[in-house]
Every structure is written in structure tokens, then in C-alpha cells.
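What's in input.cif: mmCIF, C-alpha atoms
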```
data_data
#
loop_
_atom_site.label_atom_id
_atom_site.label_comp_id
_atom_site.auth_asym_id
_atom_site.auth_seq_id
_atom_site.Cartn_x
_atom_site.Cartn_y
_atom_site.Cartn_z
CA MET A 1 142.39 96.98 92.56
CA ASP A 2 139.76 94.36 91.77
CA TYR A 3 136.12 94.66 92.69
CA ASN A 4 133.39 92.12 93.23
CA ARG A 5 129.83 92.96 92.31
CA ARG A 6 127.41 91.81 95.00
CA GLU A 7 124.01 91.52 93.33
CA ILE A 8 121.12 93.05 95.28
CA LYS A 9 117.36 92.68 95.30
CA LEU A 10 115.93 96.07 94.44
CA PRO A 11 113.01 96.15 96.90
CA GLU A 12 115.45 95.77 99.82
CA TYR A 13 117.42 98.84 98.76
CA LEU A 14 114.72 101.20 97.49
CA GLY A 15 114.45 103.16 100.72
CA ARG A 16 118.17 103.75 100.79
CA ILE A 17 118.26 104.68 97.10
CA TYR A 18 115.38 107.12 97.55
CA THR A 19 117.01 108.73 100.58
CA GLU A 20 120.32 109.10 98.74
CA LEU A 21 118.60 110.44 95.63
CA HIS A 22 117.19 113.22 97.80
CA LYS A 23 120.74 114.19 98.76
CA GLY A 24 122.20 113.72 95.29
CA VAL A 25 123.56 110.75 93.33
CA LEU A 26 125.35 110.50 89.98
CA ILE A 27 124.41 109.21 86.59
CA THR A 28 127.29 108.23 84.35
CA THR A 29 127.22 108.17 80.56
CA GLN A 30 129.94 107.46 78.05
CA GLY A 31 131.07 109.20 74.87
CA ASP A 32 134.20 109.07 72.71
CA GLY A 33 135.51 106.33 74.99
CA LYS A 34 135.34 108.48 78.11
CA PRO A 35 132.86 108.45 80.98
CA ASN A 36 131.11 111.54 82.31
CA ALA A 37 129.08 111.85 85.51
CA MET A 38 126.31 114.30 86.37
CA THR A 39 124.60 114.88 89.73
CA ILE A 40 120.86 114.26 89.96
CA SER A 41 118.40 114.58 92.80
CA TRP A 42 115.22 113.86 90.87
CA GLY A 43 114.30 110.45 89.50
CA ALA A 44 112.04 107.48 90.08
CA LEU A 45 112.21 103.75 90.46
CA GLY A 46 109.40 101.54 89.32
CA ILE A 47 107.91 99.10 86.87
CA ASP A 48 107.02 99.92 83.28
CA TRP A 49 106.25 97.47 80.52
CA ALA A 50 106.72 94.76 83.17
CA ARG A 51 110.39 95.72 83.65
CA PRO A 52 112.24 97.40 86.52
CA VAL A 53 112.94 100.96 85.41
CA PHE A 54 114.91 103.95 86.65
CA THR A 55 113.54 107.22 85.33
CA THR A 56 115.85 110.20 85.07
CA TYR A 57 115.26 113.78 83.95
CA VAL A 58 118.00 115.54 81.98
CA ARG A 59 117.92 119.10 80.66
CA HIS A 60 118.45 119.60 76.95
CA SER A 61 121.50 121.80 77.57
CA ARG A 62 123.47 119.10 79.42
CA TYR A 63 126.40 117.14 78.00
CA THR A 64 124.72 114.08 79.59
CA HIS A 65 121.73 114.74 77.32
CA GLU A 66 123.99 114.61 74.28
CA LEU A 67 125.66 111.39 75.49
CA LEU A 68 122.33 109.73 76.29
CA GLU A 69 121.07 110.59 72.83
CA ARG A 70 124.20 109.05 71.33
CA GLY A 71 124.70 106.03 73.59
CA GLY A 72 121.34 105.26 75.20
CA GLU A 73 122.97 103.76 78.30
CA PHE A 74 123.79 104.99 81.78
CA THR A 75 124.72 103.86 85.24
CA VAL A 76 123.30 105.26 88.46
CA ASN A 77 126.00 105.65 91.12
CA ILE A 78 124.80 105.79 94.69
CA PRO A 79 126.75 106.17 97.94
CA PHE A 80 126.77 103.15 100.23
CA GLY A 81 128.26 103.92 103.58
CA GLU A 82 130.21 107.13 103.91
CA ALA A 83 129.90 109.49 100.95
CA ASP A 84 132.18 112.28 99.82
CA ARG A 85 129.67 115.04 99.14
CA LYS A 86 132.17 117.14 97.22
CA ILE A 87 131.87 114.61 94.37
CA MET A 88 128.19 115.50 94.01
CA GLY A 89 128.93 119.21 94.35
CA PHE A 90 131.57 119.08 91.64
CA CYS A 91 129.59 116.89 89.22
CA GLY A 92 126.54 119.09 89.67
CA SER A 93 128.33 122.34 88.84
CA LYS A 94 130.86 121.47 86.11
CA SER A 95 130.21 120.35 82.56
CA GLY A 96 131.88 117.33 81.00
CA ARG A 97 132.26 119.45 77.88
CA ASP A 98 134.88 121.51 79.72
CA ILE A 99 136.56 119.06 82.07
CA ASP A 100 137.23 115.36 82.65
CA LYS A 101 135.42 114.94 85.97
CA PHE A 102 136.75 111.42 86.58
CA ALA A 103 140.33 112.68 86.31
CA ALA A 104 139.68 115.86 88.27
CA LEU A 105 138.11 113.97 91.20
CA GLY A 106 140.21 110.82 90.99
CA LEU A 107 137.09 108.69 90.48
CA THR A 108 137.74 105.00 89.90
CA ALA A 109 135.83 103.71 86.87
CA VAL A 110 134.96 100.01 87.22
CA PRO A 111 133.81 98.30 84.00
CA SER A 112 130.10 97.57 83.79
CA LEU A 113 128.81 94.16 82.76
CA SER A 114 125.94 95.10 80.45
CA VAL A 115 126.43 98.72 79.41
CA ALA A 116 129.27 100.94 78.17
CA PRO A 117 129.33 103.56 80.98
CA PRO A 118 131.28 102.31 83.99
CA ALA A 119 130.41 101.95 87.65
CA ILE A 120 132.28 104.12 90.18
CA ALA A 121 134.13 102.57 93.11
CA GLN A 122 133.56 105.61 95.34
CA LEU A 123 129.74 105.35 94.86
CA PRO A 124 129.41 101.60 94.93
CA LEU A 125 125.66 100.98 94.79
CA THR A 126 125.19 100.65 91.05
CA LEU A 127 122.29 100.36 88.62
CA GLU A 128 123.18 99.52 85.01
CA CYS A 129 120.46 100.92 82.74
CA ARG A 130 119.56 100.94 79.06
CA VAL A 131 117.12 103.57 77.76
CA VAL A 132 113.91 101.87 76.64
CA ASN A 133 111.73 104.94 76.27
CA LYS A 134 111.91 108.68 76.46
CA GLY A 135 109.59 111.62 76.55
CA GLU A 136 109.57 115.34 77.14
CA GLN A 137 108.73 116.74 80.57
CA SER A 138 105.65 118.79 79.76
CA ILE A 139 105.63 122.02 81.71
CA ASP A 140 102.17 123.11 80.61
CA ALA A 141 100.63 121.87 83.86
CA LEU A 142 103.04 123.83 86.06
CA THR A 143 102.09 127.14 87.63
CA ASP A 144 103.93 130.20 86.33
CA ALA A 145 105.83 130.37 89.62
CA ALA A 146 106.98 126.76 89.25
CA LYS A 147 107.88 127.32 85.60
CA ASP A 148 110.04 130.28 86.56
CA ARG A 149 111.59 128.40 89.46
CA PHE A 150 112.54 125.25 87.55
CA TYR A 151 112.68 126.56 83.99
CA PRO A 152 113.58 130.26 84.03
CA ALA A 153 113.39 131.71 80.53
CA VAL A 154 116.82 132.72 79.24
CA ASP A 155 116.63 134.66 75.97
CA GLY A 156 113.06 133.37 75.76
CA VAL A 157 114.08 129.71 76.02
CA ARG A 158 113.22 127.41 78.94
CA ASP A 159 115.78 124.63 79.38
CA THR A 160 113.36 121.73 79.90
CA HIS A 161 114.00 118.11 80.81
CA THR A 162 113.87 115.03 78.65
CA ILE A 163 112.58 112.00 80.58
CA TYR A 164 114.68 108.89 80.04
CA TYR A 165 113.28 105.52 81.10
CA GLY A 166 116.18 103.17 81.73
CA GLU A 167 115.53 99.47 82.12
CA ILE A 168 117.57 98.30 85.11
CA LEU A 169 119.65 95.45 83.68
CA ARG A 170 121.77 94.91 86.79
CA ALA A 171 121.81 96.15 90.37
CA TYR A 172 124.80 95.53 92.64
CA ILE A 173 127.22 96.90 95.19
CA LEU A 174 130.91 97.10 94.36
CA GLU A 175 133.13 95.57 97.03
CA LYS A 176 136.90 95.42 97.09
CA ALA A 177 138.02 91.92 96.13
CA MET B 1 83.80 101.91 112.12
CA ASP B 2 86.37 104.65 112.65
CA TYR B 3 89.87 104.58 111.30
CA ASN B 4 93.07 106.26 112.34
CA ARG B 5 95.63 107.27 109.76
CA ARG B 6 99.14 106.41 110.88
CA GLU B 7 101.47 108.63 108.85
CA ILE B 8 104.47 106.85 107.36
CA LYS B 9 107.87 107.91 106.06
CA LEU B 10 108.00 106.88 102.43
CA PRO B 11 111.60 105.58 102.29
CA GLU B 12 110.78 103.00 104.97
CA TYR B 13 107.91 101.56 102.94
CA LEU B 14 109.22 101.75 99.38
CA GLY B 15 110.38 98.15 99.26
CA ARG B 16 107.03 96.93 100.43
CA ILE B 17 105.16 99.19 98.01
CA TYR B 18 107.34 98.06 95.10
CA THR B 19 106.83 94.39 95.98
CA GLU B 20 103.06 94.84 96.24
CA LEU B 21 102.96 96.84 93.01
CA HIS B 22 104.48 93.84 91.27
CA LYS B 23 101.57 91.73 92.49
CA GLY B 24 98.90 94.36 91.84
CA VAL B 25 97.55 97.33 93.80
CA LEU B 26 94.62 99.68 93.18
CA ILE B 27 94.28 103.28 92.18
CA THR B 28 91.03 104.95 93.12
CA THR B 29 89.49 107.94 91.36
CA GLN B 30 86.19 109.70 91.88
CA GLY B 31 83.47 110.90 89.54
CA ASP B 32 79.85 111.95 89.95
CA GLY B 33 80.28 111.51 93.70
CA LYS B 34 81.26 107.85 93.42
CA PRO B 35 84.66 106.20 93.73
CA ASN B 36 86.07 103.73 91.23
CA ALA B 37 89.14 101.51 91.62
CA MET B 38 91.39 100.00 88.96
CA THR B 39 94.18 97.46 89.37
CA ILE B 40 97.70 98.47 88.35
CA SER B 41 101.00 96.63 88.39
CA TRP B 42 103.12 99.28 86.69
CA GLY B 43 104.12 102.54 88.28
CA ALA B 44 107.02 104.36 89.89
CA LEU B 45 107.87 106.24 93.04
CA GLY B 46 110.33 109.06 93.00
CA ILE B 47 111.14 112.74 93.12
CA ASP B 48 110.23 115.22 90.43
CA TRP B 49 110.28 119.00 90.70
CA ALA B 50 111.59 118.44 94.23
CA ARG B 51 108.36 116.67 95.29
CA PRO B 52 107.58 113.04 96.12
CA VAL B 53 105.70 111.63 93.13
CA PHE B 54 103.83 108.47 92.24
CA THR B 55 103.73 107.87 88.50
CA THR B 56 100.93 105.77 87.06
CA TYR B 57 100.17 104.65 83.51
CA VAL B 58 96.54 104.53 82.40
CA ARG B 59 95.25 103.46 78.99
CA HIS B 60 93.09 105.92 77.10
CA SER B 61 90.19 103.47 76.99
CA ARG B 62 89.85 103.19 80.76
CA TYR B 63 87.13 104.79 82.88
CA THR B 64 89.95 105.75 85.27
CA HIS B 65 91.45 107.79 82.41
CA GLU B 66 88.22 109.72 82.06
CA LEU B 67 87.99 110.30 85.82
CA LEU B 68 91.63 111.43 86.08
CA GLU B 69 91.08 113.88 83.23
CA ARG B 70 88.04 115.25 85.06
CA GLY B 71 89.23 115.16 88.66
CA GLY B 72 93.03 115.14 88.59
CA GLU B 73 93.26 113.25 91.89
CA PHE B 74 93.75 109.64 92.92
CA THR B 75 94.65 107.43 95.82
CA VAL B 76 96.95 104.41 95.66
CA ASN B 77 95.61 101.53 97.74
CA ILE B 78 98.15 98.94 98.81
CA PRO B 79 97.74 95.76 100.86
CA PHE B 80 99.37 95.79 104.28
CA GLY B 81 99.31 92.41 105.89
CA GLU B 82 97.00 89.81 104.39
CA ALA B 83 95.50 90.78 101.05
CA ASP B 84 92.39 89.49 99.34
CA ARG B 85 93.68 88.93 95.80
CA LYS B 86 90.20 88.63 94.36
CA ILE B 87 89.82 92.39 94.84
CA MET B 88 92.69 92.96 92.43
CA GLY B 89 91.36 90.35 90.03
CA PHE B 90 87.92 91.94 89.97
CA CYS B 91 89.13 95.54 89.70
CA GLY B 92 91.50 94.55 86.91
CA SER B 93 88.85 92.89 84.76
CA LYS B 94 85.66 94.97 85.21
CA SER B 95 84.97 98.54 84.15
CA GLY B 96 83.54 101.15 86.47
CA ARG B 97 81.40 102.23 83.52
CA ASP B 98 79.42 99.00 83.90
CA ILE B 99 79.49 98.25 87.62
CA ASP B 100 79.97 99.84 91.04
CA LYS B 101 83.06 97.92 92.15
CA PHE B 102 82.95 99.24 95.72
CA ALA B 103 79.41 97.91 96.15
CA ALA B 104 80.09 94.65 94.34
CA LEU B 105 83.15 93.86 96.50
CA GLY B 106 81.94 95.41 99.74
CA LEU B 107 84.92 97.76 99.81
CA THR B 108 84.95 100.24 102.68
CA ALA B 109 85.62 103.78 101.44
CA VAL B 110 87.38 105.89 104.08
CA PRO B 111 87.41 109.65 103.40
CA SER B 112 90.74 111.07 102.30
CA LEU B 113 92.19 114.17 103.90
CA SER B 114 93.51 116.05 100.87
CA VAL B 115 91.82 114.61 97.78
CA ALA B 116 88.32 113.62 96.70
CA PRO B 117 88.86 109.88 96.02
CA PRO B 118 88.70 107.85 99.24
CA ALA B 119 91.11 105.42 100.85
CA ILE B 120 90.04 101.76 101.16
CA ALA B 121 90.01 100.00 104.53
CA GLN B 122 90.78 96.61 102.96
CA LEU B 123 93.98 97.97 101.33
CA PRO B 124 95.15 100.21 104.13
CA LEU B 125 98.51 101.52 102.93
CA THR B 126 97.41 104.71 101.22
CA LEU B 127 98.99 107.43 99.09
CA GLU B 128 96.88 110.52 98.41
CA CYS B 129 97.97 112.05 95.11
CA ARG B 130 97.21 115.09 92.97
CA VAL B 131 98.20 115.07 89.31
CA VAL B 132 100.92 117.67 88.73
CA ASN B 133 102.00 116.63 85.26
CA LYS B 134 101.07 114.23 82.52
CA GLY B 135 102.49 112.95 79.29
CA GLU B 136 101.93 110.29 76.69
CA GLN B 137 103.81 107.01 76.86
CA SER B 138 105.71 107.09 73.59
CA ILE B 139 105.84 103.65 72.02
CA ASP B 140 108.15 104.63 69.17
CA ALA B 141 111.15 103.19 70.98
CA LEU B 142 109.53 99.78 71.53
CA THR B 143 110.29 96.81 69.32
CA ASP B 144 107.43 95.60 67.13
CA ALA B 145 107.11 92.54 69.36
CA ALA B 146 106.75 94.71 72.46
CA LYS B 147 104.31 97.00 70.69
CA ASP B 148 102.14 94.04 69.76
CA ARG B 149 102.44 92.56 73.25
CA PHE B 150 101.51 95.69 75.18
CA TYR B 151 99.57 97.64 72.55
CA PRO B 152 97.96 95.21 70.10
CA ALA B 153 96.32 97.10 67.25
CA VAL B 154 92.53 96.73 67.34
CA ASP B 155 90.88 98.14 64.23
CA GLY B 156 94.19 99.87 63.59
CA VAL B 157 94.24 101.61 66.98
CA ARG B 158 96.76 100.91 69.76
CA ASP B 159 95.33 101.65 73.21
CA THR B 160 98.33 103.51 74.66
CA HIS B 161 98.97 104.82 78.16
CA THR B 162 98.87 108.34 79.47
CA ILE B 163 101.48 108.92 82.17
CA TYR B 164 100.11 110.72 85.22
CA TYR B 165 102.55 112.21 87.73
CA GLY B 166 100.80 112.46 91.08
CA GLU B 167 102.37 114.50 93.85
CA ILE B 168 102.11 112.41 97.02
CA LEU B 169 100.32 114.73 99.44
CA ARG B 170 99.89 112.19 102.23
CA ALA B 171 101.10 108.67 102.96
CA TYR B 172 99.59 106.62 105.77
CA ILE B 173 98.23 103.29 106.94
CA LEU B 174 94.60 102.97 107.97
CA GLU B 175 94.12 101.34 111.35
CA LYS B 176 90.87 100.53 113.10
CA ALA B 177 90.30 103.10 115.82
#
```
Would you write out, as C-alpha cells, the structure that this file holds?
Amino acid sequence: MDYNRREIKLPEYLGRIYTELHKGVLITTQGDGKPNAMTISWGALGIDWARPVFTTYVRHSRYTHELLERGGEFTVNIPFGEADRKIMGFCGSKSGRDIDKFAALGLTAVPSLSVAPPAIAQLPLTLECRVVNKGEQSIDALTDAAKDRFYPAVDGVRDTHTIYYGEILRAYILEKA
Amino acid sequence: MDYNRREIKLPEYLGRIYTELHKGVLITTQGDGKPNAMTISWGALGIDWARPVFTTYVRHSRYTHELLERGGEFTVNIPFGEADRKIMGFCGSKSGRDIDKFAALGLTAVPSLSVAPPAIAQLPLTLECRVVNKGEQSIDALTDAAKDRFYPAVDGVRDTHTIYYGEILRAYILEKA
């Protein structure tokens, strides 16, 4: 199956992206020649250093964290039209260290144009991103209740998020050719 | 003059906010009982810790930086309809340490509902925000060219940005009553 990539203007799709992000979207990274997708429901879209940027937060424990550190590239994969929510459920509860999620779910990887991780036919609204900056999510400003809610201490360690700023190199919707 | 605040759903206005941000919007802080507005054209809208968040980047040298450190609250003031661009030009080139920008421009401060800094009648699309997290914009990942473009060294010091994450407490458009 071939796919066309219909380029989009970001401002026209921000509302939809934000609404979908609330419900859960995927970010896909690549390592050892294989893609891996993780569900996210936090993130931001904006402008930094005069570039369009997607910001994503990834816990240190995640396989996606390891792949972002190695590859520095990701795609954001967003439903457009009907979405199969079990994809997000699966990719939010399994680790790519243990299982090939693309194979398990029958996800169709479509080659990206500017980055190594692929797009996904089943979640056709696609942002291709390259990490241009990163930081650590400081939790000092959180209340103790919020710290315990989002970062419960396990053996004295709180599994905090790294903030990755990905320049949006391309934004498009996959359509069957 | 009285104003009504017409509450808005963020997803419906993100495209417009993003487009205006590109051209320049204001953030308003408050100190010593007086508001001060600064022009920004970088920023992001998203979800962090399950809350709607506006992220803004403010250089250490700015008066707004000092007021955010003291007050921890800001409004974002966005044109809706026709915009007077000289407001953004003025607020992007003068410092609130030297001049009362509201008085100089005849800006109409309209009391906010949840934060100390006011809304501005002339830029009626308003986000009321409280800082819930902050970090430093790491410039290690930038190329030397980008470092020199965005952070030229003056007497050996690069005037970097602090990243303020403001929870969006209210979003509305001011309308004449």
C-alpha cells in the first residue's frame, strides 16, 4: 500500500491535535532498526528559538527515553478520523524492551521523510521532529501531594520526566494513494 | 467602561493564538501594585501534569523576569480582531524599569479574576496563568551560530531564558458590556 503525505498548516490543526493529545497520542522512536511507540497525553506545541516545536515529557525509566537519547528523533502520531483506542491502551502499558508493539498491533510503519522513526498509517496525522533542546522537569515547585501523585517514590527514587523539545520538520496527514 | 469576560474553549482558539504569537503578543505581570507588559513571540500551549499550560521564555535581564520571580502570576494578552501593532513594538523595546508602559500607551487594565496582573482591553483574548514550574533554557544543545544569534555574549555573559510553565486558570475574551 502506498501513502501520500498531505502537508498541513499547523495553526489549522492545533485544536484537533490538542484535543487528541488529551485523549492520548503516540510518539514513535527508532532503535536498532526497529520502531517503538509510546502513548503520551502531555505535551505542548509552540514556538521556541523562532521554530515550531513539539515538547514531550518522557520518564527516565522508559525505553523511549533510551531511544531518544540515542537517536534524537521522533514522530508524533495522531488519530485523524476514527481512532482505535486499544492502540493507545497497549502502547501506554507495554514496554518496547519486552515486545515489538508494531508487530503485536499490526501497525503499518510508513517511512518518514526527514527522520528515522516512521509515521503510522493507523494514526495518520504526523509530526516529524528532531530534538533541539532538552531539560529536566523540575519537581521542586510541586506540592507534596502532586509529587506523590505524579512521581511516587519507589525505593526512594522518583521517576521524573526529561523534557524534549522537538523541532517540527514536517507536518502532514497520511492518505492512501 | 465595563467589560464582560466571554469564556472560551482553548482547542477552538489555539490556531488563532499560535498565529498571533508568531506576530507578537504580550505577557503582563504585576509588581508594587502596577502592571507591566512585555512582548513575546515564543511560547507554547499544551498539557503538563494533566493541566492546561502556557509556557513562556523570559530572559534573566528582563523586568518581567524579576516580577515573575516575585509574583508568580501573569496574563497573556492576545489581539482579537484588529490589533494595534505599535503596542507590541513599544512593549518589546522599552523596559518597565524605566517607564510605565500602560500609561504611555493608554492601555486599559481590566481586573483579572484569578491572578493579580490585569487583562488588557486592547488585546482582549486573555489567559490568566499561575506559574507551576520553571526551568532554565539549556543552550548546550544549540550550535555556536544559534548561540550567538539568540544569546550573544556581552562581557562574557549570555542572557539566557528562564522557562516559566503557567497553569491556565482562565481563558476568555473581553467584550464591552
Taking (87.2, 111.1, 98.5) as a centre in this file's frame and 12 Å as the limit, can you find every polymer residue with an atom that close, using only C-alpha atoms, and give them as a tab-separated table (two decimals) with C-alpha atoms, in the frame of the given file?
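Contents of out23.tsv, freshly written:
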```tsv
chain	number	residue	atom	x	y	z
B	28	THR	CA	91.03	104.95	93.12
B	29	THR	CA	89.49	107.94	91.36
B	30	GLN	CA	86.19	109.70	91.88
B	31	GLY	CA	83.47	110.90	89.54
B	32	ASP	CA	79.85	111.95	89.95
B	33	GLY	CA	80.28	111.51	93.70
B	34	LYS	CA	81.26	107.85	93.42
B	35	PRO	CA	84.66	106.20	93.73
B	36	ASN	CA	86.07	103.73	91.23
B	37	ALA	CA	89.14	101.51	91.62
B	71	GLY	CA	89.23	115.16	88.66
B	73	GLU	CA	93.26	113.25	91.89
B	74	PHE	CA	93.75	109.64	92.92
B	75	THR	CA	94.65	107.43	95.82
B	108	THR	CA	84.95	100.24	102.68
B	109	ALA	CA	85.62	103.78	101.44
B	110	VAL	CA	87.38	105.89	104.08
B	111	PRO	CA	87.41	109.65	103.40
B	112	SER	CA	90.74	111.07	102.30
B	113	LEU	CA	92.19	114.17	103.90
B	114	SER	CA	93.51	116.05	100.87
B	115	VAL	CA	91.82	114.61	97.78
B	116	ALA	CA	88.32	113.62	96.70
B	117	PRO	CA	88.86	109.88	96.02
B	118	PRO	CA	88.70	107.85	99.24
B	119	ALA	CA	91.11	105.42	100.85
B	120	ILE	CA	90.04	101.76	101.16
B	128	GLU	CA	96.88	110.52	98.41
B	129	CYS	CA	97.97	112.05	95.11
```
Inset, instruction - Identify which of the residues A:Ile87, A:Leu45, A:Leu169, A:Val58 lies closest to chain B, counting only C-alpha atoms when measuring atom-to-atom distances. - result: A:Leu45
Inset, instruction - In Å, rounded to a single decimal, give me how far CA of Ile163 (chain A) is from CA of Glu136 (chain B). - result: 11.5 Å
Inset, instruction - Any chance you could resolve the PyMOL selection byres ((chain B) within 10 of (chain A)) against this file and give the residues as a VMD selection string? - result: chain B and resid 9 to 19 21 to 22 41 to 57 131 to 143 146 149 to 150
Could you please take those selected residues and save C-alpha atoms as a tab-separated table (two decimals), in the coordinates of the input?
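Written output follows (again.tsv):
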```
chain	number	residue	atom	x	y	z
B	9	LYS	CA	107.87	107.91	106.06
B	10	LEU	CA	108.00	106.88	102.43
B	11	PRO	CA	111.60	105.58	102.29
B	12	GLU	CA	110.78	103.00	104.97
B	13	TYR	CA	107.91	101.56	102.94
B	14	LEU	CA	109.22	101.75	99.38
B	15	GLY	CA	110.38	98.15	99.26
B	16	ARG	CA	107.03	96.93	100.43
B	17	ILE	CA	105.16	99.19	98.01
B	18	TYR	CA	107.34	98.06	95.10
B	19	THR	CA	106.83	94.39	95.98
B	21	LEU	CA	102.96	96.84	93.01
B	22	HIS	CA	104.48	93.84	91.27
B	41	SER	CA	101.00	96.63	88.39
B	42	TRP	CA	103.12	99.28	86.69
B	43	GLY	CA	104.12	102.54	88.28
B	44	ALA	CA	107.02	104.36	89.89
B	45	LEU	CA	107.87	106.24	93.04
B	46	GLY	CA	110.33	109.06	93.00
B	47	ILE	CA	111.14	112.74	93.12
B	48	ASP	CA	110.23	115.22	90.43
B	49	TRP	CA	110.28	119.00	90.70
B	50	ALA	CA	111.59	118.44	94.23
B	51	ARG	CA	108.36	116.67	95.29
B	52	PRO	CA	107.58	113.04	96.12
B	53	VAL	CA	105.70	111.63	93.13
B	54	PHE	CA	103.83	108.47	92.24
B	55	THR	CA	103.73	107.87	88.50
B	56	THR	CA	100.93	105.77	87.06
B	57	TYR	CA	100.17	104.65	83.51
B	131	VAL	CA	98.20	115.07	89.31
B	132	VAL	CA	100.92	117.67	88.73
B	133	ASN	CA	102.00	116.63	85.26
B	134	LYS	CA	101.07	114.23	82.52
B	135	GLY	CA	102.49	112.95	79.29
B	136	GLU	CA	101.93	110.29	76.69
B	137	GLN	CA	103.81	107.01	76.86
B	138	SER	CA	105.71	107.09	73.59
B	139	ILE	CA	105.84	103.65	72.02
B	140	ASP	CA	108.15	104.63	69.17
B	141	ALA	CA	111.15	103.19	70.98
B	142	LEU	CA	109.53	99.78	71.53
B	143	THR	CA	110.29	96.81	69.32
B	146	ALA	CA	106.75	94.71	72.46
B	149	ARG	CA	102.44	92.56	73.25
B	150	PHE	CA	101.51	95.69	75.18
```
Legend entry - Distance query region 89-97 of chain B at most 7 Å, all atoms listed in the file, self and fewer than 2 positions along chain excluded, as a list in words: Asn36, Ala37, Met38, Thr39, Tyr63, Arg85, Lys86, Ile87, Ile99, Asp100 and Lys101 of chain B
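Comparing the minimum interatomic distances between Ile40 (chain B) and each of B:Leu125, B:Met88, B:Ile8, B:Leu68, counting only C-alpha atoms, we find that B:Met88 sits nearest.
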Legend entry - Straight-line distance linking CA of Ser61 (chain B) with CA of Gly24 (chain B), stated in Å to one decimal: 19.5 Å
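In this model, the gap between CA of Gly166 (chain B) and CA of Arg6 (chain B) comes to 20.8 Å.
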For the provided coordinates, the residues matched by the PyMOL selection byres ((chain A and resi 123) around 10) should be stated as a JSON list (two decimals) with C-alpha atoms, in the frame of the given file.
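Here's the written file out-v4.json:
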```json
[["chain", "number", "residue", "atom", "x", "y", "z"],
["A", 25, "VAL", "CA", 123.56, 110.75, 93.33],
["A", 26, "LEU", "CA", 125.35, 110.50, 89.98],
["A", 76, "VAL", "CA", 123.30, 105.26, 88.46],
["A", 77, "ASN", "CA", 126.00, 105.65, 91.12],
["A", 78, "ILE", "CA", 124.80, 105.79, 94.69],
["A", 79, "PRO", "CA", 126.75, 106.17, 97.94],
["A", 80, "PHE", "CA", 126.77, 103.15, 100.23],
["A", 81, "GLY", "CA", 128.26, 103.92, 103.58],
["A", 82, "GLU", "CA", 130.21, 107.13, 103.91],
["A", 83, "ALA", "CA", 129.90, 109.49, 100.95],
["A", 84, "ASP", "CA", 132.18, 112.28, 99.82],
["A", 87, "ILE", "CA", 131.87, 114.61, 94.37],
["A", 107, "LEU", "CA", 137.09, 108.69, 90.48],
["A", 108, "THR", "CA", 137.74, 105.00, 89.90],
["A", 119, "ALA", "CA", 130.41, 101.95, 87.65],
["A", 120, "ILE", "CA", 132.28, 104.12, 90.18],
["A", 121, "ALA", "CA", 134.13, 102.57, 93.11],
["A", 122, "GLN", "CA", 133.56, 105.61, 95.34],
["A", 124, "PRO", "CA", 129.41, 101.60, 94.93],
["A", 125, "LEU", "CA", 125.66, 100.98, 94.79],
["A", 126, "THR", "CA", 125.19, 100.65, 91.05],
["A", 173, "ILE", "CA", 127.22, 96.90, 95.19],
["A", 174, "LEU", "CA", 130.91, 97.10, 94.36]]
```
With 8 Å added on each side, what axis-aligned box encloses every listed atom of region 55-70 of chain B? Give the centre and edge lengths in Å to one decimal, as AutoDock Vina command-line options.
```
--center_x 95.4 --center_y 109.2 --center_z 82.7 --size_x 32.6 --size_y 28.1 --size_z 27.5
```
Where atoms are lacking, region 160-171 of chain A completed to N, CA, C and O atoms, as a PDB file, keeping the file's coordinate frame:
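Output (selection.pdb):
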```
ATOM      1  N   THR A 160     114.203 122.790  79.323  1.00  0.00           N
ATOM      2  CA  THR A 160     113.360 121.730  79.900  1.00  0.00           C
ATOM      3  C   THR A 160     114.087 120.384  79.936  1.00  0.00           C
ATOM      4  O   THR A 160     115.168 120.222  79.382  1.00  0.00           O
ATOM      5  N   HIS A 161     113.432 119.441  80.621  1.00  0.00           N
ATOM      6  CA  HIS A 161     114.000 118.110  80.810  1.00  0.00           C
ATOM      7  C   HIS A 161     113.438 117.103  79.795  1.00  0.00           C
ATOM      8  O   HIS A 161     112.238 117.090  79.536  1.00  0.00           O
ATOM      9  N   THR A 162     114.321 116.255  79.302  1.00  0.00           N
ATOM     10  CA  THR A 162     113.870 115.030  78.650  1.00  0.00           C
ATOM     11  C   THR A 162     113.798 113.940  79.725  1.00  0.00           C
ATOM     12  O   THR A 162     114.635 113.883  80.629  1.00  0.00           O
ATOM     13  N   ILE A 163     112.759 113.110  79.643  1.00  0.00           N
ATOM     14  CA  ILE A 163     112.580 112.000  80.580  1.00  0.00           C
ATOM     15  C   ILE A 163     113.131 110.740  79.929  1.00  0.00           C
ATOM     16  O   ILE A 163     112.662 110.338  78.865  1.00  0.00           O
ATOM     17  N   TYR A 164     114.131 110.137  80.549  1.00  0.00           N
ATOM     18  CA  TYR A 164     114.680 108.890  80.040  1.00  0.00           C
ATOM     19  C   TYR A 164     114.267 107.740  80.945  1.00  0.00           C
ATOM     20  O   TYR A 164     114.485 107.800  82.157  1.00  0.00           O
ATOM     21  N   TYR A 165     113.669 106.713  80.366  1.00  0.00           N
ATOM     22  CA  TYR A 165     113.280 105.520  81.100  1.00  0.00           C
ATOM     23  C   TYR A 165     114.344 104.455  80.840  1.00  0.00           C
ATOM     24  O   TYR A 165     114.467 103.956  79.721  1.00  0.00           O
ATOM     25  N   GLY A 166     115.106 104.142  81.880  1.00  0.00           N
ATOM     26  CA  GLY A 166     116.180 103.170  81.730  1.00  0.00           C
ATOM     27  C   GLY A 166     115.810 101.846  82.355  1.00  0.00           C
ATOM     28  O   GLY A 166     115.591 101.775  83.566  1.00  0.00           O
ATOM     29  N   GLU A 167     115.744 100.798  81.530  1.00  0.00           N
ATOM     30  CA  GLU A 167     115.530  99.470  82.120  1.00  0.00           C
ATOM     31  C   GLU A 167     116.744  99.120  82.974  1.00  0.00           C
ATOM     32  O   GLU A 167     117.891  99.268  82.551  1.00  0.00           O
ATOM     33  N   ILE A 168     116.477  98.660  84.204  1.00  0.00           N
ATOM     34  CA  ILE A 168     117.570  98.300  85.110  1.00  0.00           C
ATOM     35  C   ILE A 168     118.002  96.876  84.770  1.00  0.00           C
ATOM     36  O   ILE A 168     117.298  95.906  85.065  1.00  0.00           O
ATOM     37  N   LEU A 169     119.160  96.760  84.127  1.00  0.00           N
ATOM     38  CA  LEU A 169     119.650  95.450  83.680  1.00  0.00           C
ATOM     39  C   LEU A 169     120.356  94.726  84.814  1.00  0.00           C
ATOM     40  O   LEU A 169     120.302  93.510  84.912  1.00  0.00           O
ATOM     41  N   ARG A 170     121.046  95.489  85.656  1.00  0.00           N
ATOM     42  CA  ARG A 170     121.770  94.910  86.790  1.00  0.00           C
ATOM     43  C   ARG A 170     121.750  95.891  87.948  1.00  0.00           C
ATOM     44  O   ARG A 170     121.760  97.108  87.737  1.00  0.00           O
ATOM     45  N   ALA A 171     121.741  95.336  89.158  1.00  0.00           N
ATOM     46  CA  ALA A 171     121.810  96.150  90.370  1.00  0.00           C
ATOM     47  C   ALA A 171     122.760  95.450  91.332  1.00  0.00           C
ATOM     48  O   ALA A 171     122.574  94.270  91.644  1.00  0.00           O
TER      49      ALA A 171
END
```
